[in-house]
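Data first, discussion second: the structure below is written as structure tokens.
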Amino acid sequence: MKKVITYGTYDLFHNGHYNLLKRAKELGDYLIVGVTTEHYDEARGKVNVVDSLMTRIENVRSTGFADEIIVEDHVGQKIEDIQKYDVDIFTLGSDWVGTFDYLKQFCEVVYLDRTPDVSSTQIRNNSFKIINLGIVGTGRIVPRFLSEVKYVSGVNVICTFNPEVREDKFLKKRYVLDNYYESYDEFLDKVDAIYIASPNETHYEYAKKALHASKHVLCEKPLCFKRDEAEELYDYAKENDLVLMEAIKTAYCPGFQQLMNVASSGVIGDIRDVEATYTRLADPNSRERTSSMYEGSFLEFGSYTLLPAIKLLGKEYSDIRFKTLYDDKGVDIYTKIDLDYDNGMATSKVRR
Ligand code: CTP
């Protein structure tokens, strides 16, 4: 019996998937189809998969071509599966030509012609509105943001706003972005959502104006300096059905989420004490170390280290104490925060 194996995400099941499975089945007598898990897709940078794993499996099953369906959840699994199931032929569509030639030492590798003019990405882009995103501020984090955002389908960065830079040649040339520098309103008119990566003291005003212009906002931390400002913005966003998020990416990292879930499951007992530290030593001549007002360790990193404490012990602390060491320019170079809870405690330390 000739065994064939193929893999895919099979999101928003389409004709190309059907044809591929049909031809894969015709290559042998027994077809095994590996369907990727959400986690595996996210880890590969495929972050916008619409259908659940169960739906995608069901769609593959309903073609009638698969004799067996398995789940693919980690790098290197293909080799394990080929050996485990004693596979004769590994096949994928021609968009993968060459990528899996390393499997030739285990079985035959066949690339089947891809069905033209259809893909899950295309269907996702047609069915879901593309969000035009503008970036406020053009500092060091922006090239990093731009190099990552290309993996997120449904988002298109179109322009930047920076009142201090007339034309950012690097961004314009490399990423073909329009730069606005005179009118924030004109910039807001062009976009559906903004990412604020400007100096800390400007966040609140930029965010507020954008929300009042009905734009969604992703804002670098700290969103604001004062609790009532933050509450005002979150309340406004909620009332007006707008997304407002502080860009604490750690909260969304699968590794961090899993760590929190494992800790919360009770497997290591009740959580009584949480200690989190974030250290990144800034260049003594950089903005972070020369402007004492709005920079410094706590404002830059406090949200990261408070995150696990709040996630694991909650918001209802009974006391909070700050201790800060300042350098000769008055910049916060080290802050330690102690939180007391009725039944626990937390320490958060940040150093820059
Ligand atoms: N496939 C195909 N023809 C298409 C689209 C996909 O033959 N028009 C094949 C792929 O080569 C792969 C299998 O279908 O062997 C599953 O592909 P998958 O990545 O799930 O589908 P895509 O539509 O390519 O998804 P995406 O756009 O998200 O990359």
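Residues are named by chain letter and number: chains run A, B, ... in the order of the structure tokens, numbers start at 1 in each chain, and ligands are numbered from 1 in the order shown.
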task: Collect all residues with atoms no farther than 10 Å from ligand 1, counting only C-alpha atoms and all ligand atoms, and output them as JSON, numbers by chain.
output: {"A": [6, 7, 8, 9, 10, 11, 12, 13, 14, 15, 16, 17, 18, 19, 20, 21, 23, 24, 33, 34, 35, 36, 41, 46, 47, 48, 49, 50, 56, 91, 92, 93, 94, 95, 96, 97, 111, 112, 113, 114, 115, 116, 117, 118, 119, 120, 121, 122, 123, 124, 125, 153]}
query: Using only C-alpha atoms, which residues sit within 12 Å of Arg174 (chain A) once same-chain residues fewer than 3 positions away are excluded, as a ChimeraX atom specification?
result: /A:143,146-147,168-171,177-178
From region 67-164 of chain A, collect each residue whose DSSP state is strand (DSSP E or B) and return the set as an mmCIF file with C-alpha atoms, in the first residue's frame.
```cif
data_model
loop_
_atom_site.group_PDB
_atom_site.id
_atom_site.type_symbol
_atom_site.label_atom_id
_atom_site.label_comp_id
_atom_site.auth_asym_id
_atom_site.auth_seq_id
_atom_site.Cartn_x
_atom_site.Cartn_y
_atom_site.Cartn_z
ATOM 1 C CA GLU A 68 -6.542 9.742 8.188
ATOM 2 C CA ILE A 69 -6.283 13.252 9.595
ATOM 3 C CA ILE A 70 -3.571 14.237 12.045
ATOM 4 C CA VAL A 71 -2.692 17.475 13.766
ATOM 5 C CA GLU A 72 0.609 19.248 13.102
ATOM 6 C CA ILE A 89 5.270 10.113 -0.688
ATOM 7 C CA PHE A 90 5.296 13.563 0.875
ATOM 8 C CA THR A 91 3.435 16.133 -1.194
ATOM 9 C CA LEU A 92 2.581 19.830 -1.096
ATOM 10 C CA GLY A 93 1.614 22.531 -3.581
ATOM 11 C CA GLU A 108 9.666 10.626 -2.262
ATOM 12 C CA VAL A 109 8.842 14.360 -2.360
ATOM 13 C CA VAL A 110 6.307 15.576 -4.921
ATOM 14 C CA TYR A 111 5.286 19.205 -5.495
ATOM 15 C CA LEU A 112 1.874 19.409 -7.175
ATOM 16 C CA ILE A 131 -7.151 48.375 8.193
ATOM 17 C CA ASN A 132 -5.103 51.319 7.057
ATOM 18 C CA LEU A 133 -2.713 52.111 9.845
ATOM 19 C CA GLY A 134 -0.766 55.307 10.475
ATOM 20 C CA ILE A 135 2.225 55.556 12.773
ATOM 21 C CA VAL A 136 2.752 58.550 15.032
ATOM 22 C CA VAL A 155 -3.277 45.592 8.226
ATOM 23 C CA ASN A 156 -1.618 47.987 5.853
ATOM 24 C CA VAL A 157 0.688 50.703 7.173
ATOM 25 C CA ILE A 158 0.245 53.700 4.892
ATOM 26 C CA CYS A 159 1.698 56.788 6.534
ATOM 27 C CA THR A 160 3.520 58.344 9.435
ATOM 28 C CA PHE A 161 3.126 61.551 11.390
#
```
task: Excluding region 297-305 of chain A and any residue of its chain fewer than 5 positions from it, enumerate the residues within 8 Å of it, using only C-alpha atoms, and give them as a list in words.
output: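 With the cut-off at 8 Å, the set is Lys221, Pro222, Ile248, Thr250, Ala276, Thr277, Tyr278, Asp332, Ile333, Tyr334, Thr335, Ser348, Lys349, Val350, Arg351 and Arg352 of chain A.
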- prompt: What does the distance from CA of Gln257 (chain A) to CA of Thr37 (chain A) come to in Å, to one decimal?
  reply: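 Rounded to one decimal, the two atoms are 16.4 Å apart.
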